[in-house]
Structures are given as structure tokens and as C-alpha cells.
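One file, data_19.cif, is given below (mmCIF, C-alpha atoms).
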data_coords
#
loop_
_atom_site.label_atom_id
_atom_site.label_comp_id
_atom_site.auth_asym_id
_atom_site.auth_seq_id
_atom_site.Cartn_x
_atom_site.Cartn_y
_atom_site.Cartn_z
CA MET A 1 17.61 4.22 28.16
CA THR A 2 15.94 5.88 25.20
CA THR A 3 13.39 4.01 23.19
CA ARG A 4 14.67 2.89 19.80
CA ILE A 5 12.39 3.29 16.82
CA GLY A 6 13.53 1.87 13.50
CA VAL A 7 12.74 3.66 10.24
CA VAL A 8 13.14 1.49 7.15
CA THR A 9 14.68 2.92 4.00
CA PHE A 10 13.75 1.08 0.82
CA PRO A 11 15.20 2.10 -2.54
CA GLY A 12 12.77 4.88 -3.45
CA SER A 13 11.72 5.84 0.08
CA LEU A 14 11.25 9.60 0.40
CA ASP A 15 10.03 10.38 3.88
CA ASP A 16 12.42 8.28 5.95
CA ARG A 17 14.37 11.36 7.09
CA ASP A 18 11.22 13.17 8.17
CA ALA A 19 10.04 10.08 10.05
CA GLN A 20 13.39 9.86 11.85
CA ARG A 21 13.16 13.54 12.71
CA ALA A 22 9.63 13.11 14.07
CA VAL A 23 10.84 10.28 16.30
CA ARG A 24 13.64 12.48 17.67
CA LEU A 25 11.31 15.44 18.24
CA ALA A 26 9.04 13.16 20.25
CA GLY A 27 12.00 12.14 22.42
CA GLY A 28 12.94 8.76 20.94
CA GLU A 29 16.08 7.47 19.27
CA ALA A 30 15.62 7.01 15.52
CA VAL A 31 17.43 3.97 14.12
CA PRO A 32 17.84 3.84 10.33
CA LEU A 33 17.12 0.37 8.93
CA TRP A 34 18.09 -0.67 5.41
CA HIS A 35 15.84 -2.82 3.22
CA ARG A 36 18.48 -5.56 3.15
CA ASP A 37 18.74 -5.78 6.96
CA THR A 38 17.27 -8.92 8.42
CA ASN A 39 18.42 -7.81 11.87
CA LEU A 40 16.32 -5.01 13.33
CA HIS A 41 19.13 -3.81 15.65
CA GLN A 42 17.10 -4.14 18.85
CA VAL A 43 14.48 -1.56 17.92
CA ASP A 44 11.27 -1.45 19.94
CA ALA A 45 9.05 -0.35 17.06
CA VAL A 46 9.29 0.15 13.30
CA ILE A 47 8.04 2.84 10.92
CA LEU A 48 7.64 2.14 7.20
CA PRO A 49 7.85 5.58 5.59
CA GLY A 50 6.28 7.14 2.52
CA GLY A 51 7.78 7.22 -0.93
CA PHE A 52 7.89 4.97 -3.97
CA SER A 53 9.66 1.82 -2.82
CA TYR A 54 11.25 -0.06 -5.72
CA GLY A 55 9.72 2.53 -8.06
CA ASP A 56 6.20 1.31 -7.21
CA TYR A 57 6.76 -1.31 -9.93
CA LEU A 58 4.16 -4.08 -10.23
CA ARG A 59 1.96 -2.54 -7.50
CA CYS A 60 2.76 -0.01 -4.78
CA GLY A 61 4.47 -1.89 -1.96
CA ALA A 62 4.36 -5.26 -3.73
CA ILE A 63 8.12 -5.67 -4.11
CA ALA A 64 9.02 -4.03 -0.77
CA ARG A 65 6.82 -6.60 0.92
CA PHE A 66 9.31 -9.32 -0.08
CA SER A 67 12.44 -7.41 0.97
CA PRO A 68 14.69 -9.04 3.61
CA VAL A 69 13.84 -6.46 6.28
CA MET A 70 10.11 -7.11 5.89
CA GLU A 71 10.52 -10.80 6.73
CA THR A 72 11.64 -9.81 10.21
CA VAL A 73 9.19 -6.90 10.49
CA ILE A 74 6.26 -9.20 9.63
CA GLU A 75 7.43 -11.78 12.16
CA GLN A 76 7.89 -9.16 14.90
CA ALA A 77 4.60 -7.40 14.08
CA LYS A 78 2.78 -10.69 14.54
CA ALA A 79 4.52 -11.01 17.92
CA GLY A 80 3.18 -7.59 18.99
CA MET A 81 5.86 -5.06 18.05
CA PRO A 82 4.33 -1.66 17.14
CA VAL A 83 4.57 -0.97 13.40
CA LEU A 84 3.37 2.19 11.65
CA GLY A 85 3.00 2.38 7.88
CA ILE A 86 2.64 5.84 6.38
CA CYS A 87 1.46 6.20 2.76
CA ASN A 88 3.75 3.83 0.84
CA GLY A 89 4.33 2.11 4.21
CA PHE A 90 0.56 1.56 4.48
CA GLN A 91 0.61 0.02 1.01
CA VAL A 92 3.46 -2.28 2.11
CA LEU A 93 1.49 -3.36 5.20
CA CYS A 94 -1.57 -4.19 3.07
CA GLU A 95 0.56 -6.10 0.56
CA SER A 96 2.09 -7.99 3.52
CA HIS A 97 -1.41 -8.87 4.74
CA LEU A 98 -0.58 -7.39 8.13
CA LEU A 99 -3.54 -5.09 7.42
CA PRO A 100 -6.66 -5.96 5.43
CA GLY A 101 -7.68 -4.36 2.15
CA ALA A 102 -5.63 -2.63 -0.53
CA LEU A 103 -4.85 0.84 -1.87
CA THR A 104 -5.86 1.61 -5.44
CA ARG A 105 -5.54 4.48 -7.90
CA ASN A 106 -7.31 7.65 -6.72
CA ASP A 107 -10.79 7.63 -8.27
CA HIS A 108 -10.16 10.98 -10.02
CA LEU A 109 -6.69 9.80 -11.22
CA HIS A 110 -4.93 12.95 -9.99
CA PHE A 111 -2.02 12.98 -7.58
CA ILE A 112 -3.17 14.99 -4.58
CA CYS A 113 -1.08 17.07 -2.22
CA ARG A 114 -3.02 19.00 0.41
CA ASP A 115 -3.54 19.54 4.11
CA GLN A 116 -6.21 17.03 5.09
CA LYS A 117 -8.55 17.05 8.05
CA LEU A 118 -8.99 13.66 9.73
CA ARG A 119 -10.98 12.30 12.65
CA VAL A 120 -9.23 9.96 15.06
CA GLU A 121 -11.76 7.13 15.35
CA ASN A 122 -9.69 4.83 17.55
CA ALA A 123 -7.45 6.33 20.24
CA ALA A 124 -6.54 2.97 21.74
CA THR A 125 -3.89 1.76 19.28
CA ALA A 126 -0.15 1.79 19.98
CA TRP A 127 0.18 4.86 17.73
CA THR A 128 -2.89 6.93 18.72
CA SER A 129 -3.19 6.78 22.52
CA ASP A 130 -2.12 10.44 22.90
CA TYR A 131 -5.21 11.54 20.96
CA ALA A 132 -8.77 11.71 22.21
CA GLY A 133 -11.36 9.54 20.48
CA GLY A 134 -13.15 11.75 17.93
CA GLN A 135 -10.38 14.35 17.90
CA GLU A 136 -9.94 16.21 14.62
CA ILE A 137 -6.43 16.68 13.28
CA THR A 138 -4.94 18.19 10.11
CA VAL A 139 -1.88 16.66 8.46
CA PRO A 140 -0.52 16.66 4.88
CA LEU A 141 -1.78 14.09 2.38
CA LYS A 142 0.09 13.34 -0.86
CA ASN A 143 -0.50 10.30 -3.01
CA GLY A 144 -1.69 8.97 -6.33
CA GLU A 145 -2.85 5.57 -5.12
CA GLY A 146 -4.62 6.17 -1.85
CA GLY A 147 -8.09 4.76 -2.47
CA TYR A 148 -8.74 2.28 0.33
CA VAL A 149 -10.74 -0.74 -0.83
CA ALA A 150 -11.82 -3.99 0.80
CA ASP A 151 -14.85 -6.22 0.36
CA GLU A 152 -18.06 -5.27 2.19
CA ARG A 153 -17.66 -8.02 4.75
CA THR A 154 -14.15 -6.84 5.68
CA LEU A 155 -15.33 -3.21 5.86
CA ASP A 156 -18.23 -4.20 8.15
CA GLU A 157 -15.82 -6.19 10.32
CA LEU A 158 -13.39 -3.26 10.58
CA GLU A 159 -16.22 -0.92 11.59
CA ALA A 160 -17.67 -3.37 14.12
CA GLU A 161 -14.30 -4.00 15.75
CA GLY A 162 -13.32 -0.31 15.86
CA ARG A 163 -10.40 -0.94 13.53
CA VAL A 164 -11.01 2.13 11.37
CA VAL A 165 -8.44 4.41 13.04
CA PHE A 166 -8.79 7.54 10.86
CA ARG A 167 -11.48 8.86 8.59
CA TYR A 168 -11.26 11.71 6.06
CA LEU A 169 -13.32 14.74 7.06
CA ASP A 170 -14.96 17.39 4.82
CA VAL A 171 -13.83 15.75 1.60
CA ASN A 172 -12.98 12.23 0.53
CA PRO A 173 -9.77 12.94 -1.40
CA ASN A 174 -9.34 9.66 -3.27
CA GLY A 175 -12.51 7.56 -3.32
CA SER A 176 -11.60 5.51 -0.24
CA ARG A 177 -14.45 3.25 0.82
CA ARG A 178 -16.35 4.68 3.79
CA ASP A 179 -13.87 7.63 3.95
CA ILE A 180 -11.26 5.36 5.53
CA ALA A 181 -7.83 7.02 5.88
CA GLY A 182 -6.22 4.47 8.18
CA VAL A 183 -6.81 1.09 9.81
CA THR A 184 -5.29 -1.17 12.46
CA ASN A 185 -4.90 -4.91 12.97
CA ALA A 186 -6.94 -6.76 15.59
CA ALA A 187 -4.23 -6.37 18.25
CA GLY A 188 -3.84 -2.60 17.68
CA ASN A 189 -0.04 -2.69 17.31
CA VAL A 190 0.01 -2.33 13.51
CA VAL A 191 -1.43 0.89 12.09
CA GLY A 192 -1.40 2.14 8.50
CA LEU A 193 -2.65 5.41 7.03
CA MET A 194 -2.26 7.37 3.80
CA PRO A 195 -1.81 10.89 5.31
CA HIS A 196 1.57 11.96 6.68
CA PRO A 197 1.77 12.72 10.41
CA GLU A 198 5.59 12.96 10.18
CA HIS A 199 5.20 16.16 8.10
CA ALA A 200 3.16 17.84 10.85
CA VAL A 201 5.47 17.86 13.84
CA GLU A 202 6.98 21.37 13.75
CA PRO A 203 5.36 24.81 13.30
CA LEU A 204 8.08 25.88 10.85
CA THR A 205 7.49 23.15 8.27
CA GLY A 206 4.08 21.66 8.97
CA PRO A 207 0.53 23.01 8.70
CA THR A 208 0.08 21.98 12.36
CA THR A 209 1.92 19.88 14.92
CA ASP A 210 -1.00 17.44 15.04
CA GLY A 211 1.16 14.56 13.82
CA LEU A 212 3.48 14.49 16.82
CA GLY A 213 0.96 12.46 18.82
CA PHE A 214 1.70 9.33 16.78
CA PHE A 215 5.29 9.31 17.94
CA THR A 216 4.68 10.33 21.55
CA SER A 217 1.93 7.67 21.75
CA VAL A 218 4.22 4.82 20.84
CA LEU A 219 7.05 6.08 23.06
CA LYS A 220 4.71 6.18 26.04
CA LYS A 221 3.42 2.74 25.29
CA LEU A 222 6.93 1.31 25.06
CA VAL A 223 8.08 2.96 28.27
CA THR A 224 5.13 1.64 30.25
CA ALA A 225 5.30 -1.81 28.60
CA MET B 1 11.13 -22.47 -24.97
CA ALA B 2 7.53 -22.30 -23.87
CA ARG B 3 5.67 -19.20 -22.89
CA VAL B 4 3.24 -19.03 -19.99
CA VAL B 5 0.93 -16.03 -19.91
CA VAL B 6 -0.51 -14.64 -16.71
CA ASP B 7 -3.34 -12.15 -17.13
CA VAL B 8 -4.22 -10.03 -14.10
CA MET B 9 -7.46 -8.04 -13.95
CA LEU B 10 -9.06 -5.98 -11.23
CA LYS B 11 -12.02 -7.83 -9.74
CA PRO B 12 -15.34 -6.72 -11.29
CA GLU B 13 -16.44 -5.01 -8.07
CA ILE B 14 -13.27 -2.88 -7.86
CA LEU B 15 -13.50 0.54 -9.50
CA ASP B 16 -11.08 0.93 -12.42
CA PRO B 17 -10.60 4.69 -12.89
CA GLN B 18 -7.91 4.15 -15.55
CA GLY B 19 -10.23 1.99 -17.64
CA GLN B 20 -12.99 4.58 -17.21
CA ALA B 21 -10.68 7.37 -18.40
CA VAL B 22 -9.84 5.34 -21.51
CA GLN B 23 -13.54 4.63 -22.13
CA ARG B 24 -14.42 8.32 -21.82
CA ALA B 25 -11.70 9.27 -24.29
CA LEU B 26 -12.96 6.92 -27.03
CA PRO B 27 -15.96 8.92 -28.37
CA ARG B 28 -13.75 11.97 -28.59
CA LEU B 29 -11.39 9.99 -30.82
CA GLY B 30 -14.23 8.81 -33.03
CA TYR B 31 -14.70 5.33 -31.56
CA GLN B 32 -18.39 4.90 -30.76
CA GLY B 33 -20.25 2.10 -29.04
CA ILE B 34 -17.76 1.04 -26.35
CA SER B 35 -19.75 0.97 -23.13
CA ASP B 36 -17.00 -0.10 -20.71
CA VAL B 37 -13.21 -0.55 -20.58
CA ARG B 38 -11.30 -2.47 -17.92
CA GLN B 39 -7.51 -2.25 -17.89
CA GLY B 40 -5.33 -5.11 -16.70
CA LYS B 41 -1.79 -6.48 -16.78
CA ARG B 42 -0.30 -9.27 -18.87
CA PHE B 43 2.87 -11.11 -17.86
CA GLU B 44 4.71 -13.27 -20.41
CA LEU B 45 6.94 -15.81 -18.72
CA GLU B 46 9.52 -17.61 -20.83
CA VAL B 47 9.93 -21.00 -19.19
CA GLU B 48 13.09 -23.06 -19.52
CA GLY B 49 12.25 -26.68 -20.34
CA PRO B 50 8.86 -28.28 -20.78
CA VAL B 51 5.77 -26.79 -19.16
CA ASP B 52 4.23 -29.56 -17.12
CA GLU B 53 1.67 -29.51 -14.34
CA ALA B 54 4.38 -28.91 -11.72
CA VAL B 55 5.62 -25.80 -13.55
CA LEU B 56 2.09 -24.50 -13.91
CA ALA B 57 1.48 -25.05 -10.21
CA ARG B 58 4.57 -22.94 -9.44
CA VAL B 59 3.40 -20.20 -11.80
CA ARG B 60 -0.04 -20.18 -10.15
CA GLU B 61 1.66 -19.86 -6.76
CA MET B 62 3.78 -16.99 -8.12
CA ALA B 63 0.69 -15.27 -9.50
CA GLU B 64 -1.23 -15.75 -6.27
CA THR B 65 1.52 -14.40 -3.99
CA PHE B 66 3.27 -11.83 -6.17
CA LEU B 67 2.00 -11.01 -9.66
CA ALA B 68 -1.56 -10.40 -8.47
CA ASN B 69 -2.95 -8.98 -5.25
CA THR B 70 -5.90 -11.30 -4.78
CA VAL B 71 -7.57 -8.81 -2.44
CA ILE B 72 -8.41 -6.70 -5.50
CA GLU B 73 -7.35 -8.73 -8.55
CA ASN B 74 -8.14 -12.01 -10.34
CA PHE B 75 -5.64 -13.83 -12.52
CA THR B 76 -5.58 -16.53 -15.18
CA VAL B 77 -2.64 -18.71 -16.19
CA ARG B 78 -2.36 -20.28 -19.63
CA VAL B 79 0.28 -21.79 -21.85
CA GLU B 80 0.61 -19.97 -25.13
CA ASP B 81 0.77 -22.50 -27.94
CA ALA B 82 3.38 -22.27 -30.67
CA ALA B 83 0.90 -21.36 -33.43
CA GLU B 84 -0.47 -18.47 -31.41
CA ALA B 85 3.02 -17.23 -30.64
CA ALA B 86 4.04 -17.47 -34.32
CA SER B 87 1.01 -15.52 -35.56
CA GLU B 88 1.59 -12.72 -33.11
CA PRO B 89 4.19 -10.65 -35.00
CA LYS B 90 1.88 -10.63 -38.03
CA ALA B 91 -1.03 -9.29 -36.00
CA GLU B 92 1.06 -6.56 -34.46
CA GLY B 93 1.43 -3.25 -36.17
CA VAL B 94 -1.03 -3.94 -38.98
CA ALA B 95 -2.53 -0.66 -40.05
CA PRO B 96 -6.29 -0.58 -40.49
#
Could I get this file's structure written as C-alpha cells?
Amino acid sequence: MTTRIGVVTFPGSLDDRDAQRAVRLAGGEAVPLWHRDTNLHQVDAVILPGGFSYGDYLRCGAIARFSPVMETVIEQAKAGMPVLGICNGFQVLCESHLLPGALTRNDHLHFICRDQKLRVENAATAWTSDYAGGQEITVPLKNGEGGYVADERTLDELEAEGRVVFRYLDVNPNGSRRDIAGVTNAAGNVVGLMPHPEHAVEPLTGPTTDGLGFFTSVLKKLVTA
Amino acid sequence: MARVVVDVMLKPEILDPQGQAVQRALPRLGYQGISDVRQGKRFELEVEGPVDEAVLARVREMAETFLANTVIENFTVRVEDAAEAASEPKAEGVAP
């Protein structure tokens, strides 16, 4: 039986198709989920894709966080189901308080779109086990509100517990505190990051295929679980 | 109908690049002496019926869970009195 990975489409999601494609390329079955679904259709993991859910009104991710599908996703994430939030998905996870901190306007106010080098700081999460700790990867980054902020105590806690999963290398593109590009929850099943691994899974369309590891990691984890 | 106003501001320790951009533009436009600008959001809620403590408690709950992200923002809730509301149109659009 193939492993089923749900990809949520909110009104305004952009990268849901690419996320589904990345799941298929990694060998999983991609299951489209709609923001109004409260039933997750027996998926084993969920991806919240990039985009501008609900037009990014109020705050990025603030309205998506209260959508019917998120009620079930939050419940299942707390029970241990792997959840990955990419870009807008990361913002939704922070707004849901599944991950600490928040994403704010880039310090230079410009929307950025570039290939970004990252270091994998934690290769023990559900979504990063196919990487080596300290491995450097390059994937696209594109956002206007990607500055990761949290209070000093939370940042210290994240560092001490190894919950900073990715850090920006060479350049901090958006003013994120301590160059943080992605974090995980205490259990390691929920991961959020601003860069886009789903755009780096094929040589034809991506700068690298460095992003594929996210999807193969979770498939392996679910098969051995 | 009563109006309840919720003001949401970034916490002082959170960088406000939009406010900074506004502040930097001011001298260029001939406005001197403004050392800092912070930009926030204002929500005007038209409440059906009287605004009592129970209504205000609900609005605070709404602000806490939805209108503001208390990880990065503070909020205040106040009832706008009738006199203030009435004087508002006059204040708006008055040329210097």
C-alpha cells in the first residue's frame, strides 16, 4: 500500500500542485485536501503549501488557521502525525501555535525570490531524516513576510533543544532572528520553513534536487512506523 | 449602535520595517523632527445592542485569538463614546 500524503489547498494557495508532484516523485500518493474538509481521508501526513491563503488578509496564515481542515490537522499533529508547512504553510503553523514564534515583514521590505543556501541543523525530524546533520542544501526562497521572530527565551529554548531545523547560509535574506529558516515542535513531527523544497525536486525545473529529501524522509518514516 | 475599537500594535521589541520606511520618508517630504514611527492596525466593531462587560470580554477574547497575534502584537480594547464618534467626520479631511 502506498503512503498517502495530504496536501491542503486553501483559497489562494499557489504551490499545492508542486507539493503534490514532489510527493509523487518521492514515491508517495498525493491526496488533495480542501480547506473545508474536516475529514483528512486517511492520509498519513499533511503538507500545508505556500501561497497567499485567504489573500493573506489580517495576517499571513491567520484566517487559514481557523479553517475547518486545520481543526483536524491541529488535532492530528498533536497526536503525532507528520505535518510540513512550507512558506505560507509555516505561517499557518505559527498562527496555529503548533510551532513557536511568528513570521513578519522582511526587514528590507522587498519581496525576495532567489535560490537560497541552507544548513540542515536537525536531521532527526520526520521531514529531514534523509539528510545528514550539517548538510548544505540549496532550494528556492520566495516571500515578503519571512522574518522569523520569537522572544529571546523561546529562541534560546529552540537552540538548546535542537529545534532549529534550518538556518540561512551566506546571507540572511529577511532579517530572521539568528538566521532561522525553519523550526520543529518538541516531538519533531511538525516542521515549518520559509524556503521551498517542493520547487527543488527535478533537474528540469529546480536549481537542484536537494528538496526531494523532505518527501523521501517522511515516506521512510511512515513505512517503518 | 455602539462602536468598540480594537487597536493592535507590534510589541515594542519587534522590528517594524514599515514604520521605519514611513519615518525615513518624512524628512524628504518636509516633515522634520519625527524620530520614530510605529504602524499598527485599528478595528472598528459595530456592536448590536448595549456594550456591557460580557460583550467586552468577548471582544477581548476575539482580539486575543484572532485580531492580534500576541506572539508579536499587543492590543487595546475601548468603547468609543458618542461624542468622539460624532466629532470624527469633522476632524477628517480638514486641510491644513
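The closest residue to Tyr168 in chain A, picked from A:Thr209, A:Thr138, A:Gln20, A:Gln91 and counting only C-alpha atoms, is A:Thr138.
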Kindly determine which residues of chain A lie within 10 Å of chain B, considering all atoms listed in the file, and give the answer as a PDB file with C-alpha atoms, in the coordinates of the input.
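Written out: iface.pdb:
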ATOM      1  CA  LEU A  58       4.160  -4.080 -10.230  1.00  0.00           C
ATOM      2  CA  ARG A  59       1.960  -2.540  -7.500  1.00  0.00           C
ATOM      3  CA  ALA A  62       4.360  -5.260  -3.730  1.00  0.00           C
ATOM      4  CA  ILE A  63       8.120  -5.670  -4.110  1.00  0.00           C
ATOM      5  CA  ARG A  65       6.820  -6.600   0.920  1.00  0.00           C
ATOM      6  CA  PHE A  66       9.310  -9.320  -0.080  1.00  0.00           C
ATOM      7  CA  CYS A  94      -1.570  -4.190   3.070  1.00  0.00           C
ATOM      8  CA  GLU A  95       0.560  -6.100   0.560  1.00  0.00           C
ATOM      9  CA  SER A  96       2.090  -7.990   3.520  1.00  0.00           C
ATOM     10  CA  HIS A  97      -1.410  -8.870   4.740  1.00  0.00           C
ATOM     11  CA  PRO A 100      -6.660  -5.960   5.430  1.00  0.00           C
ATOM     12  CA  GLY A 101      -7.680  -4.360   2.150  1.00  0.00           C
ATOM     13  CA  ALA A 102      -5.630  -2.630  -0.530  1.00  0.00           C
ATOM     14  CA  LEU A 103      -4.850   0.840  -1.870  1.00  0.00           C
ATOM     15  CA  THR A 104      -5.860   1.610  -5.440  1.00  0.00           C
ATOM     16  CA  ARG A 105      -5.540   4.480  -7.900  1.00  0.00           C
ATOM     17  CA  ASN A 106      -7.310   7.650  -6.720  1.00  0.00           C
ATOM     18  CA  ASP A 107     -10.790   7.630  -8.270  1.00  0.00           C
ATOM     19  CA  HIS A 108     -10.160  10.980 -10.020  1.00  0.00           C
ATOM     20  CA  LEU A 109      -6.690   9.800 -11.220  1.00  0.00           C
ATOM     21  CA  GLY A 147      -8.090   4.760  -2.470  1.00  0.00           C
ATOM     22  CA  VAL A 149     -10.740  -0.740  -0.830  1.00  0.00           C
ATOM     23  CA  ALA A 150     -11.820  -3.990   0.800  1.00  0.00           C
ATOM     24  CA  ASP A 151     -14.850  -6.220   0.360  1.00  0.00           C
ATOM     25  CA  GLY A 175     -12.510   7.560  -3.320  1.00  0.00           C
TER      26      GLY A 175
END
Checklist entry - Residues picked by the PyMOL selection byres ((chain A and resi 34-48) around 10) here, as a ChimeraX atom specification? => result /A:3-11,13,15-16,19-20,23,29-33,49-51,53,64,66-73,76-77,80-93,126,189-192,215,218-219,222-223
Checklist entry - Separation of CA of Val165 in chain A and CA of Thr184 in chain A, in Å? => result 6.4 Å
Checklist entry - Between B:Thr76, B:Ala2, B:Arg28, B:Ala63, which is the closest to Glu48 in chain B once you count all atoms listed in the file? => result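 Closest candidate: B:Ala2.
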Given the PyMOL selection byres ((chain A and resi 194) around 7), the residues it picks as a PDB file with C-alpha atoms, in the frame of the given file:
ATOM      1  CA  ILE A  86       2.640   5.840   6.380  1.00  0.00           C
ATOM      2  CA  CYS A  87       1.460   6.200   2.760  1.00  0.00           C
ATOM      3  CA  PHE A  90       0.560   1.560   4.480  1.00  0.00           C
ATOM      4  CA  LEU A 141      -1.780  14.090   2.380  1.00  0.00           C
ATOM      5  CA  GLY A 146      -4.620   6.170  -1.850  1.00  0.00           C
ATOM      6  CA  ALA A 181      -7.830   7.020   5.880  1.00  0.00           C
ATOM      7  CA  GLY A 182      -6.220   4.470   8.180  1.00  0.00           C
ATOM      8  CA  LEU A 193      -2.650   5.410   7.030  1.00  0.00           C
ATOM      9  CA  PRO A 195      -1.810  10.890   5.310  1.00  0.00           C
ATOM     10  CA  HIS A 196       1.570  11.960   6.680  1.00  0.00           C
TER      11      HIS A 196
END
Residues near Asn172 in chain A, cut-off 10 Å, all atoms listed in the file, skip fewer than 6 positions along chain, as a PDB file with C-alpha atoms, in the frame of the given file:
ATOM      1  CA  GLN A 116      -6.210  17.030   5.090  1.00  0.00           C
ATOM      2  CA  LYS A 117      -8.550  17.050   8.050  1.00  0.00           C
ATOM      3  CA  GLY A 147      -8.090   4.760  -2.470  1.00  0.00           C
ATOM      4  CA  ARG A 178     -16.350   4.680   3.790  1.00  0.00           C
ATOM      5  CA  ASP A 179     -13.870   7.630   3.950  1.00  0.00           C
ATOM      6  CA  ILE A 180     -11.260   5.360   5.530  1.00  0.00           C
ATOM      7  CA  ALA A 181      -7.830   7.020   5.880  1.00  0.00           C
TER       8      ALA A 181
END
Next on the checklist: What does the structure give for the distance between CA of Gly19 in chain B and CA of Gln39 in chain B, in Å to one decimal?
Outcome noted: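 Taking CA of Gly19 in chain B as the start and CA of Gln39 in chain B as the end point, the length is 5.0 Å.
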Next on the checklist: Quick check, in Å to one decimal: how far apart do CA of Ser35 in chain B and CA of Glu73 in chain B lie?
Outcome noted: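 Spanning CA of Ser35 in chain B to CA of Glu73 in chain B is a straight-line distance of 21.5 Å.
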Missing atoms in range 2-27 of chain A: fill them in up to N, CA and C atoms and send the result as a CSV table (one decimal), in the coordinates of the input.
chain,number,residue,atom,x,y,z
A,2,THR,N,17.0,5.3,26.1
A,2,THR,CA,15.9,5.9,25.2
A,2,THR,C,15.3,4.7,24.4
A,3,THR,N,14.1,5.0,24.0
A,3,THR,CA,13.4,4.0,23.2
A,3,THR,C,13.8,4.1,21.7
A,4,ARG,N,14.1,2.9,21.2
A,4,ARG,CA,14.7,2.9,19.8
A,4,ARG,C,13.6,2.6,18.8
A,5,ILE,N,13.4,3.5,17.9
A,5,ILE,CA,12.4,3.3,16.8
A,5,ILE,C,13.1,3.2,15.5
A,6,GLY,N,12.9,2.1,14.8
A,6,GLY,CA,13.5,1.9,13.5
A,6,GLY,C,12.7,2.5,12.4
A,7,VAL,N,13.4,3.1,11.4
A,7,VAL,CA,12.7,3.7,10.2
A,7,VAL,C,13.4,3.0,9.0
A,8,VAL,N,12.6,2.3,8.3
A,8,VAL,CA,13.1,1.5,7.2
A,8,VAL,C,13.3,2.4,5.9
A,9,THR,N,14.5,2.3,5.3
A,9,THR,CA,14.7,2.9,4.0
A,9,THR,C,14.7,1.9,2.9
A,10,PHE,N,13.7,1.9,2.0
A,10,PHE,CA,13.8,1.1,0.8
A,10,PHE,C,14.3,1.9,-0.3
A,11,PRO,N,14.8,1.3,-1.4
A,11,PRO,CA,15.2,2.1,-2.5
A,11,PRO,C,13.9,2.8,-3.0
A,12,GLY,N,14.0,4.1,-3.0
A,12,GLY,CA,12.8,4.9,-3.4
A,12,GLY,C,12.0,5.5,-2.3
A,13,SER,N,12.4,5.2,-1.1
A,13,SER,CA,11.7,5.8,0.1
A,13,SER,C,12.0,7.3,0.0
A,14,LEU,N,11.0,8.2,0.4
A,14,LEU,CA,11.2,9.6,0.4
A,14,LEU,C,11.2,10.2,1.8
A,15,ASP,N,10.4,9.7,2.6
A,15,ASP,CA,10.0,10.4,3.9
A,15,ASP,C,10.7,9.7,5.1
A,16,ASP,N,11.7,9.0,4.8
A,16,ASP,CA,12.4,8.3,6.0
A,16,ASP,C,13.1,9.3,6.9
A,17,ARG,N,13.7,10.4,6.3
A,17,ARG,CA,14.4,11.4,7.1
A,17,ARG,C,13.4,12.1,8.0
A,18,ASP,N,12.2,12.5,7.4
A,18,ASP,CA,11.2,13.2,8.2
A,18,ASP,C,10.7,12.3,9.3
A,19,ALA,N,10.5,11.0,9.0
A,19,ALA,CA,10.0,10.1,10.0
A,19,ALA,C,11.1,10.0,11.2
A,20,GLN,N,12.3,9.9,10.8
A,20,GLN,CA,13.4,9.9,11.8
A,20,GLN,C,13.4,11.1,12.7
A,21,ARG,N,13.2,12.2,12.0
A,21,ARG,CA,13.2,13.5,12.7
A,21,ARG,C,12.0,13.6,13.7
A,22,ALA,N,10.8,13.1,13.2
A,22,ALA,CA,9.6,13.1,14.1
A,22,ALA,C,9.9,12.3,15.3
A,23,VAL,N,10.5,11.1,15.2
A,23,VAL,CA,10.8,10.3,16.3
A,23,VAL,C,11.7,11.0,17.3
A,24,ARG,N,12.7,11.7,16.8
A,24,ARG,CA,13.6,12.5,17.7
A,24,ARG,C,12.9,13.6,18.4
A,25,LEU,N,12.1,14.3,17.6
A,25,LEU,CA,11.3,15.4,18.2
A,25,LEU,C,10.4,15.0,19.4
A,26,ALA,N,9.9,13.7,19.2
A,26,ALA,CA,9.0,13.2,20.2
A,26,ALA,C,9.8,12.6,21.4
A,27,GLY,N,11.2,12.6,21.3
A,27,GLY,CA,12.0,12.1,22.4
A,27,GLY,C,12.6,10.7,22.3
